[in-house]
file model-v7.csv (CSV, N, CA and C atoms and all ligand atoms)
chain,number,residue,atom,x,y,z
A,1,MET,N,68.4,79.0,105.8
A,1,MET,CA,67.9,77.6,105.8
A,1,MET,C,69.0,76.6,106.0
A,2,THR,N,70.2,76.7,105.2
A,2,THR,CA,71.3,75.8,105.5
A,2,THR,C,71.8,75.9,106.9
A,3,GLN,N,71.7,77.1,107.4
A,3,GLN,CA,72.2,77.4,108.7
A,3,GLN,C,71.4,76.6,109.7
A,4,LEU,N,70.1,76.6,109.5
A,4,LEU,CA,69.2,75.8,110.4
A,4,LEU,C,69.6,74.4,110.4
A,5,VAL,N,69.8,73.8,109.2
A,5,VAL,CA,70.2,72.4,109.0
A,5,VAL,C,71.5,72.2,109.7
A,6,ASP,N,72.5,73.1,109.5
A,6,ASP,CA,73.8,72.9,110.1
A,6,ASP,C,73.7,72.8,111.6
A,7,SER,N,73.0,73.7,112.1
A,7,SER,CA,72.9,73.8,113.6
A,7,SER,C,72.2,72.5,114.1
A,8,ALA,N,71.2,72.1,113.4
A,8,ALA,CA,70.4,70.9,113.8
A,8,ALA,C,71.4,69.7,113.7
A,9,ILE,N,72.2,69.6,112.7
A,9,ILE,CA,73.2,68.5,112.5
A,9,ILE,C,74.2,68.5,113.7
A,10,ALA,N,74.7,69.7,114.0
A,10,ALA,CA,75.6,69.8,115.1
A,10,ALA,C,75.0,69.3,116.4
A,11,PHE,N,73.7,69.6,116.5
A,11,PHE,CA,73.0,69.2,117.7
A,11,PHE,C,72.8,67.7,117.8
A,12,LEU,N,72.6,67.1,116.6
A,12,LEU,CA,72.5,65.6,116.5
A,12,LEU,C,73.8,65.0,117.0
A,13,ARG,N,74.9,65.5,116.6
A,13,ARG,CA,76.2,65.0,117.0
A,13,ARG,C,76.4,65.1,118.5
A,14,GLU,N,76.0,66.3,119.0
A,14,GLU,CA,76.2,66.6,120.4
A,14,GLU,C,75.4,65.5,121.2
A,15,LYS,N,74.2,65.1,120.7
A,15,LYS,CA,73.4,64.2,121.4
A,15,LYS,C,73.8,62.7,121.1
A,16,GLY,N,74.8,62.5,120.3
A,16,GLY,CA,75.3,61.2,120.0
A,16,GLY,C,74.5,60.4,119.0
A,17,LEU,N,73.7,61.2,118.2
A,17,LEU,CA,72.9,60.5,117.1
A,17,LEU,C,73.7,60.6,115.9
A,18,ARG,N,73.8,59.5,115.2
A,18,ARG,CA,74.6,59.4,113.9
A,18,ARG,C,73.9,60.3,112.9
A,19,VAL,N,74.7,61.1,112.2
A,19,VAL,CA,74.2,61.9,111.1
A,19,VAL,C,74.2,61.2,109.8
A,20,THR,N,73.1,60.5,109.5
A,20,THR,CA,72.9,59.7,108.3
A,20,THR,C,72.4,60.6,107.2
A,21,GLU,N,72.5,60.1,106.0
A,21,GLU,CA,71.9,60.8,104.8
A,21,GLU,C,70.4,61.0,105.0
A,22,GLN,N,69.8,60.0,105.6
A,22,GLN,CA,68.3,60.0,105.8
A,22,GLN,C,67.9,61.1,106.8
A,23,ARG,N,68.6,61.1,107.9
A,23,ARG,CA,68.3,62.1,108.9
A,23,ARG,C,68.6,63.5,108.4
A,24,LYS,N,69.7,63.7,107.6
A,24,LYS,CA,70.0,65.0,107.0
A,24,LYS,C,68.9,65.4,106.0
A,25,ALA,N,68.4,64.5,105.2
A,25,ALA,CA,67.4,64.8,104.2
A,25,ALA,C,66.1,65.2,104.9
A,26,ILE,N,65.8,64.6,106.0
A,26,ILE,CA,64.6,64.9,106.8
A,26,ILE,C,64.7,66.3,107.4
A,27,LEU,N,65.9,66.6,107.9
A,27,LEU,CA,66.1,68.0,108.5
A,27,LEU,C,66.0,69.0,107.4
A,28,GLU,N,66.5,68.7,106.2
A,28,GLU,CA,66.4,69.7,105.1
A,28,GLU,C,65.0,69.9,104.7
A,29,VAL,N,64.2,68.9,104.6
A,29,VAL,CA,62.8,69.0,104.3
A,29,VAL,C,62.1,69.9,105.3
A,30,LEU,N,62.3,69.7,106.6
A,30,LEU,CA,61.7,70.5,107.7
A,30,LEU,C,62.2,71.9,107.6
A,31,ALA,N,63.4,72.2,107.3
A,31,ALA,CA,64.0,73.5,107.2
A,31,ALA,C,63.3,74.3,106.0
A,32,ARG,N,63.0,73.6,105.0
A,32,ARG,CA,62.4,74.2,103.8
A,32,ARG,C,60.9,74.6,104.0
A,33,SER,N,60.3,73.8,104.9
A,33,SER,CA,58.8,74.0,105.1
A,33,SER,C,58.6,75.2,106.1
A,34,ASP,N,57.7,76.1,105.7
A,34,ASP,CA,57.5,77.2,106.7
A,34,ASP,C,56.3,77.0,107.6
A,35,SER,N,55.7,75.8,107.5
A,35,SER,CA,54.7,75.4,108.5
A,35,SER,C,55.0,74.0,108.9
A,36,PRO,N,54.5,73.6,110.1
A,36,PRO,CA,54.8,72.3,110.6
A,36,PRO,C,54.1,71.2,109.7
A,37,ILE,N,54.9,70.1,109.5
A,37,ILE,CA,54.4,69.1,108.6
A,37,ILE,C,54.4,67.7,109.2
A,38,SER,N,53.5,66.8,108.7
A,38,SER,CA,53.4,65.5,109.3
A,38,SER,C,54.5,64.6,108.8
A,39,ALA,N,54.7,63.4,109.4
A,39,ALA,CA,55.7,62.5,108.9
A,39,ALA,C,55.4,62.1,107.4
A,40,GLU,N,54.2,61.9,107.1
A,40,GLU,CA,53.8,61.5,105.7
A,40,GLU,C,54.2,62.6,104.7
A,41,GLU,N,53.9,63.9,105.1
A,41,GLU,CA,54.3,65.0,104.2
A,41,GLU,C,55.8,65.1,104.1
A,42,THR,N,56.5,64.9,105.2
A,42,THR,CA,57.9,65.0,105.2
A,42,THR,C,58.4,63.9,104.2
A,43,TYR,N,57.9,62.7,104.4
A,43,TYR,CA,58.3,61.6,103.5
A,43,TYR,C,58.1,61.9,102.0
A,44,ALA,N,56.9,62.5,101.7
A,44,ALA,CA,56.5,62.8,100.3
A,44,ALA,C,57.5,63.9,99.7
A,45,LEU,N,58.1,64.7,100.6
A,45,LEU,CA,59.0,65.8,100.1
A,45,LEU,C,60.4,65.4,100.0
A,46,LEU,N,60.7,64.1,100.5
A,46,LEU,CA,62.1,63.7,100.5
A,46,LEU,C,62.6,63.5,99.0
A,47,PRO,N,63.8,64.0,98.7
A,47,PRO,CA,64.3,63.8,97.4
A,47,PRO,C,64.5,62.3,97.1
A,48,ASP,N,64.1,61.8,96.0
A,48,ASP,CA,64.1,60.4,95.5
A,48,ASP,C,63.9,59.4,96.7
A,49,LYS,N,62.9,59.7,97.5
A,49,LYS,CA,62.5,58.8,98.6
A,49,LYS,C,63.7,58.2,99.3
A,50,SER,N,64.5,59.1,99.9
A,50,SER,CA,65.8,58.7,100.5
A,50,SER,C,65.6,57.7,101.7
A,51,CYS,N,64.3,57.6,102.2
A,51,CYS,CA,64.1,56.5,103.2
A,51,CYS,C,62.6,56.1,103.1
A,52,ASP,N,62.3,55.1,103.8
A,52,ASP,CA,60.9,54.7,103.8
A,52,ASP,C,60.1,55.4,104.9
A,53,LEU,N,58.8,55.3,104.8
A,53,LEU,CA,57.9,56.0,105.7
A,53,LEU,C,58.1,55.7,107.1
A,54,VAL,N,58.3,54.4,107.4
A,54,VAL,CA,58.6,54.0,108.8
A,54,VAL,C,59.8,54.7,109.4
A,55,THR,N,60.9,54.8,108.5
A,55,THR,CA,62.1,55.5,109.0
A,55,THR,C,61.8,56.9,109.2
A,56,ALA,N,61.0,57.5,108.4
A,56,ALA,CA,60.7,59.0,108.5
A,56,ALA,C,60.0,59.2,109.9
A,57,TYR,N,59.0,58.3,110.2
A,57,TYR,CA,58.3,58.4,111.5
A,57,TYR,C,59.3,58.3,112.6
A,58,ARG,N,60.2,57.3,112.5
A,58,ARG,CA,61.1,57.0,113.6
A,58,ARG,C,62.1,58.2,113.8
A,59,CYS,N,62.6,58.7,112.7
A,59,CYS,CA,63.5,59.8,112.8
A,59,CYS,C,62.9,61.0,113.5
A,60,LEU,N,61.7,61.3,113.1
A,60,LEU,CA,61.0,62.5,113.7
A,60,LEU,C,60.8,62.3,115.2
A,61,GLU,N,60.4,61.1,115.6
A,61,GLU,CA,60.3,60.8,117.0
A,61,GLU,C,61.6,61.0,117.7
A,62,GLN,N,62.7,60.5,117.1
A,62,GLN,CA,64.0,60.6,117.7
A,62,GLN,C,64.4,62.1,117.8
A,63,PHE,N,64.1,62.9,116.8
A,63,PHE,CA,64.4,64.3,116.8
A,63,PHE,C,63.6,65.0,117.9
A,64,GLU,N,62.4,64.6,118.1
A,64,GLU,CA,61.6,65.2,119.1
A,64,GLU,C,62.2,64.9,120.5
A,65,LYS,N,62.6,63.7,120.7
A,65,LYS,CA,63.1,63.3,122.0
A,65,LYS,C,64.4,64.1,122.3
A,66,ILE,N,65.2,64.3,121.3
A,66,ILE,CA,66.5,65.1,121.6
A,66,ILE,C,66.2,66.6,121.5
A,67,ASP,N,65.0,67.0,121.2
A,67,ASP,CA,64.6,68.4,121.2
A,67,ASP,C,65.2,69.2,120.1
A,68,VAL,N,65.3,68.5,118.9
A,68,VAL,CA,65.7,69.3,117.7
A,68,VAL,C,64.5,69.7,116.9
A,69,VAL,N,63.4,69.0,117.1
A,69,VAL,CA,62.1,69.4,116.5
A,69,VAL,C,61.1,69.5,117.5
A,70,GLN,N,60.0,70.3,117.3
A,70,GLN,CA,58.9,70.5,118.2
A,70,GLN,C,57.7,69.8,117.5
A,71,ARG,N,56.9,69.1,118.3
A,71,ARG,CA,55.7,68.5,117.8
A,71,ARG,C,54.5,69.3,118.1
A,72,GLY,N,53.6,69.3,117.1
A,72,GLY,CA,52.3,69.9,117.3
A,72,GLY,C,51.2,68.9,116.8
A,73,VAL,N,50.0,69.4,116.8
A,73,VAL,CA,49.0,68.5,116.3
A,73,VAL,C,47.9,69.2,115.5
A,74,ARG,N,47.4,68.6,114.5
A,74,ARG,CA,46.3,69.2,113.7
A,74,ARG,C,45.0,68.9,114.4
A,75,GLU,N,43.9,69.6,113.9
A,75,GLU,CA,42.6,69.4,114.4
A,75,GLU,C,42.2,67.9,114.3
A,76,ASN,N,42.6,67.2,113.3
A,76,ASN,CA,42.2,65.8,113.1
A,76,ASN,C,43.1,64.9,113.9
A,77,GLY,N,44.1,65.4,114.7
A,77,GLY,CA,44.9,64.6,115.5
A,77,GLY,C,46.2,64.2,114.9
A,78,THR,N,46.5,64.6,113.6
A,78,THR,CA,47.7,64.3,113.0
A,78,THR,C,48.9,65.0,113.7
A,79,LYS,N,49.9,64.3,114.0
A,79,LYS,CA,51.1,64.9,114.6
A,79,LYS,C,51.9,65.6,113.5
A,80,VAL,N,52.3,66.8,113.8
A,80,VAL,CA,53.1,67.6,112.9
A,80,VAL,C,54.4,68.1,113.5
A,81,TYR,N,55.4,68.3,112.8
A,81,TYR,CA,56.7,68.7,113.3
A,81,TYR,C,57.3,69.9,112.7
A,82,CYS,N,58.0,70.7,113.5
A,82,CYS,CA,58.8,71.8,112.9
A,82,CYS,C,60.1,71.9,113.6
A,83,LEU,N,61.1,72.4,112.8
A,83,LEU,CA,62.5,72.5,113.3
A,83,LEU,C,62.5,73.5,114.5
A,84,GLY,N,63.2,73.2,115.5
A,84,GLY,CA,63.4,74.1,116.6
A,84,GLY,C,63.5,73.5,118.0
A,85,HIS,N,64.1,74.2,118.9
A,85,HIS,CA,64.2,73.7,120.3
A,85,HIS,C,63.1,74.1,121.1
A,86,SER,N,63.0,73.5,122.3
A,86,SER,CA,61.9,73.9,123.2
A,86,SER,C,62.1,75.3,123.8
A,87,HIS,N,63.3,75.7,123.8
A,87,HIS,CA,63.5,77.1,124.4
A,87,HIS,C,63.0,78.2,123.4
A,88,ASP,N,62.8,77.7,122.1
A,88,ASP,CA,62.1,78.5,121.1
A,88,ASP,C,60.7,78.2,121.0
A,89,HIS,N,60.1,77.8,122.2
A,89,HIS,CA,58.7,77.4,122.2
A,89,HIS,C,57.7,78.4,121.6
A,90,HIS,N,56.9,77.9,120.8
A,90,HIS,CA,55.8,78.7,120.2
A,90,HIS,C,54.7,77.9,119.7
A,91,HIS,N,53.6,78.5,119.3
A,91,HIS,CA,52.5,77.8,118.8
A,91,HIS,C,52.1,78.2,117.4
A,92,HIS,N,51.1,77.6,116.8
A,92,HIS,CA,50.8,77.9,115.4
A,92,HIS,C,49.3,78.2,115.3
A,93,LEU,N,49.0,79.0,114.3
A,93,LEU,CA,47.6,79.3,113.9
A,93,LEU,C,47.5,78.8,112.5
A,94,THR,N,46.7,77.8,112.3
A,94,THR,CA,46.7,77.2,111.0
A,94,THR,C,45.3,77.4,110.3
A,95,CYS,N,45.4,77.7,109.0
A,95,CYS,CA,44.1,77.8,108.2
A,95,CYS,C,43.6,76.5,107.8
A,96,ARG,N,42.3,76.3,108.1
A,96,ARG,CA,41.6,75.0,107.8
A,96,ARG,C,41.4,74.9,106.3
A,97,GLY,N,41.4,76.0,105.6
A,97,GLY,CA,41.1,76.0,104.1
A,97,GLY,C,42.4,75.6,103.4
A,98,CYS,N,43.5,76.3,103.5
A,98,CYS,CA,44.6,76.1,102.7
A,98,CYS,C,45.8,75.6,103.4
A,99,GLY,N,45.7,75.5,104.8
A,99,GLY,CA,46.8,75.0,105.5
A,99,GLY,C,47.9,76.0,105.8
A,100,LYS,N,47.8,77.2,105.4
A,100,LYS,CA,48.8,78.3,105.7
A,100,LYS,C,48.9,78.4,107.2
A,101,THR,N,50.1,78.6,107.7
A,101,THR,CA,50.4,78.7,109.1
A,101,THR,C,51.1,79.9,109.6
A,102,GLU,N,50.6,80.5,110.6
A,102,GLU,CA,51.3,81.7,111.2
A,102,GLU,C,51.9,81.2,112.5
A,103,ARG,N,53.0,81.8,112.9
A,103,ARG,CA,53.6,81.5,114.1
A,103,ARG,C,53.0,82.4,115.2
A,104,VAL,N,52.7,81.8,116.4
A,104,VAL,CA,52.1,82.5,117.5
A,104,VAL,C,53.1,82.5,118.7
A,105,ASP,N,53.6,83.6,119.0
A,105,ASP,CA,54.6,83.7,120.1
A,105,ASP,C,53.9,84.0,121.4
A,106,LEU,N,52.8,83.3,121.7
A,106,LEU,CA,52.1,83.5,122.8
A,106,LEU,C,51.8,82.2,123.5
A,107,CYS,N,52.0,82.1,124.8
A,107,CYS,CA,51.8,80.8,125.4
A,107,CYS,C,51.4,81.0,126.9
A,108,MET,N,50.5,80.2,127.3
A,108,MET,CA,50.0,80.2,128.7
A,108,MET,C,50.6,79.1,129.5
A,109,ALA,N,51.8,78.7,129.2
A,109,ALA,CA,52.5,77.6,129.9
A,109,ALA,C,52.5,77.8,131.4
A,110,LYS,N,52.8,79.0,131.8
A,110,LYS,CA,52.9,79.3,133.2
A,110,LYS,C,51.6,79.0,134.0
A,111,GLU,N,50.5,79.6,133.4
A,111,GLU,CA,49.2,79.4,134.0
A,111,GLU,C,48.9,77.9,134.0
A,112,LEU,N,49.1,77.2,132.9
A,112,LEU,CA,48.8,75.8,132.8
A,112,LEU,C,49.6,75.0,133.9
A,113,GLU,N,50.9,75.4,134.0
A,113,GLU,CA,51.7,74.6,135.0
A,113,GLU,C,51.2,74.8,136.4
A,114,GLU,N,50.8,76.0,136.7
A,114,GLU,CA,50.3,76.3,138.0
A,114,GLU,C,49.1,75.5,138.3
A,115,VAL,N,48.2,75.4,137.3
A,115,VAL,CA,47.0,74.6,137.5
A,115,VAL,C,47.4,73.1,137.7
A,116,ALA,N,48.2,72.6,136.8
A,116,ALA,CA,48.7,71.2,136.8
A,116,ALA,C,49.4,70.9,138.2
A,117,THR,N,50.2,71.8,138.6
A,117,THR,CA,50.9,71.6,139.9
A,117,THR,C,49.9,71.5,141.0
A,118,GLY,N,48.9,72.3,140.9
A,118,GLY,CA,47.8,72.3,141.9
A,118,GLY,C,47.1,70.9,142.0
A,119,TYR,N,47.1,70.2,140.9
A,119,TYR,CA,46.6,68.8,140.9
A,119,TYR,C,47.6,67.8,141.3
A,120,GLY,N,48.8,68.3,141.6
A,120,GLY,CA,49.9,67.4,142.0
A,120,GLY,C,50.7,66.8,140.9
A,121,PHE,N,50.5,67.3,139.7
A,121,PHE,CA,51.2,66.8,138.5
A,121,PHE,C,52.6,67.4,138.4
A,122,VAL,N,53.5,66.6,137.9
A,122,VAL,CA,54.9,67.1,137.6
A,122,VAL,C,55.2,66.8,136.2
A,123,GLU,N,56.4,67.4,135.7
A,123,GLU,CA,56.8,67.2,134.3
A,123,GLU,C,55.7,67.6,133.3
A,124,ILE,N,55.2,68.7,133.4
A,124,ILE,CA,54.1,69.2,132.6
A,124,ILE,C,54.5,69.6,131.2
A,125,SER,N,53.9,69.1,130.2
A,125,SER,CA,54.1,69.6,128.8
A,125,SER,C,52.7,69.9,128.2
A,126,HIS,N,52.7,70.6,127.2
A,126,HIS,CA,51.4,70.9,126.5
A,126,HIS,C,51.6,71.1,125.0
A,127,ILE,N,50.5,70.8,124.3
A,127,ILE,CA,50.4,71.1,122.9
A,127,ILE,C,49.2,72.0,122.7
A,128,MET,N,49.4,73.1,122.1
A,128,MET,CA,48.3,74.0,121.9
A,128,MET,C,48.4,74.6,120.5
A,129,GLU,N,47.4,74.3,119.7
A,129,GLU,CA,47.3,74.8,118.3
A,129,GLU,C,46.0,75.5,118.1
A,130,ALA,N,46.0,76.5,117.3
A,130,ALA,CA,44.8,77.3,117.0
A,130,ALA,C,44.5,77.1,115.5
A,131,PHE,N,43.2,77.0,115.2
A,131,PHE,CA,42.8,76.9,113.8
A,131,PHE,C,41.7,77.9,113.4
A,132,GLY,N,41.7,78.2,112.2
A,132,GLY,CA,40.7,79.2,111.7
A,132,GLY,C,40.7,79.3,110.2
A,133,LEU,N,40.1,80.3,109.7
A,133,LEU,CA,40.2,80.5,108.2
A,133,LEU,C,40.9,81.8,108.0
A,134,CYS,N,41.9,81.7,107.0
A,134,CYS,CA,42.7,82.9,106.7
A,134,CYS,C,41.9,83.9,105.9
A,135,PRO,N,42.5,85.1,105.7
A,135,PRO,CA,41.7,86.1,104.9
A,135,PRO,C,41.4,85.7,103.5
A,136,GLU,N,42.2,84.9,102.9
A,136,GLU,CA,41.9,84.4,101.5
A,136,GLU,C,40.9,83.3,101.5
A,137,CYS,N,40.7,82.6,102.6
A,137,CYS,CA,39.8,81.4,102.6
A,137,CYS,C,38.4,81.8,103.2
A,138,LYS,N,38.3,82.9,103.9
A,138,LYS,CA,37.1,83.1,104.7
A,138,LYS,C,35.9,83.5,103.7
B,201,ZN,ZN,43.6,79.8,103.9
B,202,ZN,ZN,53.1,76.9,124.9
call {"tool": "encode", "arguments": {"input": "model-v7.csv", "output": "structure tokens"}}
result
Amino acid sequence: MTQLVDSAIAFLREKGLRVTEQRKAILEVLARSDSPISAEETYALLPDKSCDLVTAYRCLEQFEKIDVVQRGVRENGTKVYCLGHSHDHHHHLTCRGCGKTERVDLCMAKELEEVATGYGFVEISHIMEAFGLCPECK
């Protein structure tokens, strides 16, 4: 876990982002969570509210821009974040009942890109998340 945070911090420096206590605290919260979490959940888990909610939102957006976190989305449209670079691209399978998340190392990016290119689109990105009920909740 600390290794995850350390490498994320090194990455921030590399990208010229100042390593503030707030950013560090947010990275630590993400590293501790084993499923993707929203800005509000991240904020709620911060030790003694090291920053305000707006700052948490902004930090996560910056992290996404420099590719130190990956963004996903829940069924209700809430943006969620997990620590990791895009070369470690993956998806999630989330339980609607308890929120438990499994990592899915399966992706149809290639097929999607081919279709999108066919329409003349460039710089293709995608978000794909799967939802269901886990064995305990079904
Ligand atoms: Zn469940
Ligand atoms: Zn994918």
call {"tool": "atom_distance", "arguments": {"input": "model-v7.csv", "atom1": "CA of Cys98 (chain A)", "atom2": "CA of Ala31 (chain A)"}}
result
20.1 Å
call {"tool": "closest_atom_pairs", "arguments": {"input": "model-v7.csv", "of": "chain A", "to": "ligand ZN 202 (chain B)", "cutoff": "7 Å", "atoms": "only N, CA and C atoms and all ligand atoms", "output": "Markdown table"}}
result
| residue | atom | partner | partner_atom | distance |
| --- | --- | --- | --- | --- |
| A:His89 | C | B:ZN202 | ZN | 5.9 |
| A:His90 | C | B:ZN202 | ZN | 5.5 |
| A:His91 | N | B:ZN202 | ZN | 5.8 |
| A:Leu106 | C | B:ZN202 | ZN | 5.6 |
| A:Cys107 | CA | B:ZN202 | ZN | 4.1 |
| A:Met108 | N | B:ZN202 | ZN | 4.8 |
| A:Ala109 | N | B:ZN202 | ZN | 4.8 |
| A:His126 | C | B:ZN202 | ZN | 6.0 |
| A:Ile127 | C | B:ZN202 | ZN | 6.6 |
| A:Met128 | N | B:ZN202 | ZN | 6.0 |
call {"tool": "residues_around", "arguments": {"input": "model-v7.csv", "residues": "Ser33 (chain A)", "least_positions_apart": "5", "cutoff": "12 Å", "atoms": "only C-alpha atoms", "output": "JSON, numbers by chain"}}
result
{"A": [1, 4, 26, 27, 28, 38, 41, 42, 45, 46, 80, 81, 82, 83, 100, 101]}
call {"tool": "closest_atom_pairs", "arguments": {"input": "model-v7.csv", "of": "chain A", "to": "ligand ZN 201 (chain B)", "cutoff": "10 Å", "atoms": "only C-alpha atoms and all ligand atoms", "output": "Markdown table"}}
result
| residue | atom | partner | partner_atom | distance |
| --- | --- | --- | --- | --- |
| A:Thr94 | CA | B:ZN201 | ZN | 8.2 |
| A:Cys95 | CA | B:ZN201 | ZN | 4.8 |
| A:Arg96 | CA | B:ZN201 | ZN | 6.5 |
| A:Gly97 | CA | B:ZN201 | ZN | 4.6 |
| A:Cys98 | CA | B:ZN201 | ZN | 4.0 |
| A:Gly99 | CA | B:ZN201 | ZN | 6.0 |
| A:Lys100 | CA | B:ZN201 | ZN | 5.7 |
| A:Thr101 | CA | B:ZN201 | ZN | 8.6 |
| A:Gly132 | CA | B:ZN201 | ZN | 8.3 |
| A:Leu133 | CA | B:ZN201 | ZN | 5.5 |
| A:Cys134 | CA | B:ZN201 | ZN | 4.3 |
| A:Pro135 | CA | B:ZN201 | ZN | 6.7 |
| A:Glu136 | CA | B:ZN201 | ZN | 5.5 |
| A:Cys137 | CA | B:ZN201 | ZN | 4.3 |
| A:Lys138 | CA | B:ZN201 | ZN | 7.3 |
call {"tool": "select_by_dssp", "arguments": {"input": "model-v7.csv", "residues": "chain A", "states": "strand (DSSP E)", "output": "PDB file with N, CA and C atoms, in the frame of the given file"}}
result
ATOM      1  N   VAL A  69      63.400  69.000 117.100  1.00  0.00           N
ATOM      2  CA  VAL A  69      62.100  69.400 116.500  1.00  0.00           C
ATOM      3  C   VAL A  69      61.100  69.500 117.500  1.00  0.00           C
ATOM      4  N   GLN A  70      60.000  70.300 117.300  1.00  0.00           N
ATOM      5  CA  GLN A  70      58.900  70.500 118.200  1.00  0.00           C
ATOM      6  C   GLN A  70      57.700  69.800 117.500  1.00  0.00           C
ATOM      7  N   ARG A  71      56.900  69.100 118.300  1.00  0.00           N
ATOM      8  CA  ARG A  71      55.700  68.500 117.800  1.00  0.00           C
ATOM      9  C   ARG A  71      54.500  69.300 118.100  1.00  0.00           C
ATOM     10  N   GLY A  72      53.600  69.300 117.100  1.00  0.00           N
ATOM     11  CA  GLY A  72      52.300  69.900 117.300  1.00  0.00           C
ATOM     12  C   GLY A  72      51.200  68.900 116.800  1.00  0.00           C
ATOM     13  N   VAL A  73      50.000  69.400 116.800  1.00  0.00           N
ATOM     14  CA  VAL A  73      49.000  68.500 116.300  1.00  0.00           C
ATOM     15  C   VAL A  73      47.900  69.200 115.500  1.00  0.00           C
ATOM     16  N   LYS A  79      49.900  64.300 114.000  1.00  0.00           N
ATOM     17  CA  LYS A  79      51.100  64.900 114.600  1.00  0.00           C
ATOM     18  C   LYS A  79      51.900  65.600 113.500  1.00  0.00           C
ATOM     19  N   VAL A  80      52.300  66.800 113.800  1.00  0.00           N
ATOM     20  CA  VAL A  80      53.100  67.600 112.900  1.00  0.00           C
ATOM     21  C   VAL A  80      54.400  68.100 113.500  1.00  0.00           C
ATOM     22  N   TYR A  81      55.400  68.300 112.800  1.00  0.00           N
ATOM     23  CA  TYR A  81      56.700  68.700 113.300  1.00  0.00           C
ATOM     24  C   TYR A  81      57.300  69.900 112.700  1.00  0.00           C
ATOM     25  N   CYS A  82      58.000  70.700 113.500  1.00  0.00           N
ATOM     26  CA  CYS A  82      58.800  71.800 112.900  1.00  0.00           C
ATOM     27  C   CYS A  82      60.100  71.900 113.600  1.00  0.00           C
ATOM     28  N   LEU A  83      61.100  72.400 112.800  1.00  0.00           N
ATOM     29  CA  LEU A  83      62.500  72.500 113.300  1.00  0.00           C
ATOM     30  C   LEU A  83      62.500  73.500 114.500  1.00  0.00           C
ATOM     31  N   HIS A  91      53.600  78.500 119.300  1.00  0.00           N
ATOM     32  CA  HIS A  91      52.500  77.800 118.800  1.00  0.00           C
ATOM     33  C   HIS A  91      52.100  78.200 117.400  1.00  0.00           C
ATOM     34  N   HIS A  92      51.100  77.600 116.800  1.00  0.00           N
ATOM     35  CA  HIS A  92      50.800  77.900 115.400  1.00  0.00           C
ATOM     36  C   HIS A  92      49.300  78.200 115.300  1.00  0.00           C
ATOM     37  N   LEU A  93      49.000  79.000 114.300  1.00  0.00           N
ATOM     38  CA  LEU A  93      47.600  79.300 113.900  1.00  0.00           C
ATOM     39  C   LEU A  93      47.500  78.800 112.500  1.00  0.00           C
ATOM     40  N   THR A  94      46.700  77.800 112.300  1.00  0.00           N
ATOM     41  CA  THR A  94      46.700  77.200 111.000  1.00  0.00           C
ATOM     42  C   THR A  94      45.300  77.400 110.300  1.00  0.00           C
ATOM     43  N   CYS A  95      45.400  77.700 109.000  1.00  0.00           N
ATOM     44  CA  CYS A  95      44.100  77.800 108.200  1.00  0.00           C
ATOM     45  C   CYS A  95      43.600  76.500 107.800  1.00  0.00           C
ATOM     46  N   THR A 101      50.100  78.600 107.700  1.00  0.00           N
ATOM     47  CA  THR A 101      50.400  78.700 109.100  1.00  0.00           C
ATOM     48  C   THR A 101      51.100  79.900 109.600  1.00  0.00           C
ATOM     49  N   GLU A 102      50.600  80.500 110.600  1.00  0.00           N
ATOM     50  CA  GLU A 102      51.300  81.700 111.200  1.00  0.00           C
ATOM     51  C   GLU A 102      51.900  81.200 112.500  1.00  0.00           C
ATOM     52  N   ARG A 103      53.000  81.800 112.900  1.00  0.00           N
ATOM     53  CA  ARG A 103      53.600  81.500 114.100  1.00  0.00           C
ATOM     54  C   ARG A 103      53.000  82.400 115.200  1.00  0.00           C
ATOM     55  N   VAL A 104      52.700  81.800 116.400  1.00  0.00           N
ATOM     56  CA  VAL A 104      52.100  82.500 117.500  1.00  0.00           C
ATOM     57  C   VAL A 104      53.100  82.500 118.700  1.00  0.00           C
ATOM     58  N   GLU A 129      47.400  74.300 119.700  1.00  0.00           N
ATOM     59  CA  GLU A 129      47.300  74.800 118.300  1.00  0.00           C
ATOM     60  C   GLU A 129      46.000  75.500 118.100  1.00  0.00           C
ATOM     61  N   ALA A 130      46.000  76.500 117.300  1.00  0.00           N
ATOM     62  CA  ALA A 130      44.800  77.300 117.000  1.00  0.00           C
ATOM     63  C   ALA A 130      44.500  77.100 115.500  1.00  0.00           C
ATOM     64  N   PHE A 131      43.200  77.000 115.200  1.00  0.00           N
ATOM     65  CA  PHE A 131      42.800  76.900 113.800  1.00  0.00           C
ATOM     66  C   PHE A 131      41.700  77.900 113.400  1.00  0.00           C
ATOM     67  N   GLY A 132      41.700  78.200 112.200  1.00  0.00           N
ATOM     68  CA  GLY A 132      40.700  79.200 111.700  1.00  0.00           C
ATOM     69  C   GLY A 132      40.700  79.300 110.200  1.00  0.00           C
TER      70      GLY A 132
END
call {"tool": "select_by_dssp", "arguments": {"input": "model-v7.csv", "residues": "region 27-136 of chain A", "states": "helix (DSSP H, G or I)", "output": "MDAnalysis selection string"}}
result
chainID A and resid 27:32 39:45 47:49 53:65 86:88 109:118
call {"tool": "residues_around", "arguments": {"input": "model-v7.csv", "residues": "Gly84 (chain A)", "least_positions_apart": "5", "cutoff": "10 Å", "atoms": "only C-alpha atoms", "output": "PyMOL selection string"}}
result
chain A and resi 4+7-8+30-31+63-64+67-71+89-90
call {"tool": "atom_distance", "arguments": {"input": "model-v7.csv", "atom1": "CA of Pro36 (chain A)", "atom2": "CA of His92 (chain A)"}}
result
8.4 Å
call {"tool": "atom_distance", "arguments": {"input": "model-v7.csv", "atom1": "CA of Ala130 (chain A)", "atom2": "CA of Ser35 (chain A)"}}
result
13.2 Å
call {"tool": "residues_around", "arguments": {"input": "model-v7.csv", "residues": "Glu40 (chain A)", "least_positions_apart": "6", "cutoff": "8 Å", "atoms": "only C-alpha atoms", "output": "number ranges by chain"}}
result
A: 53, 56-57
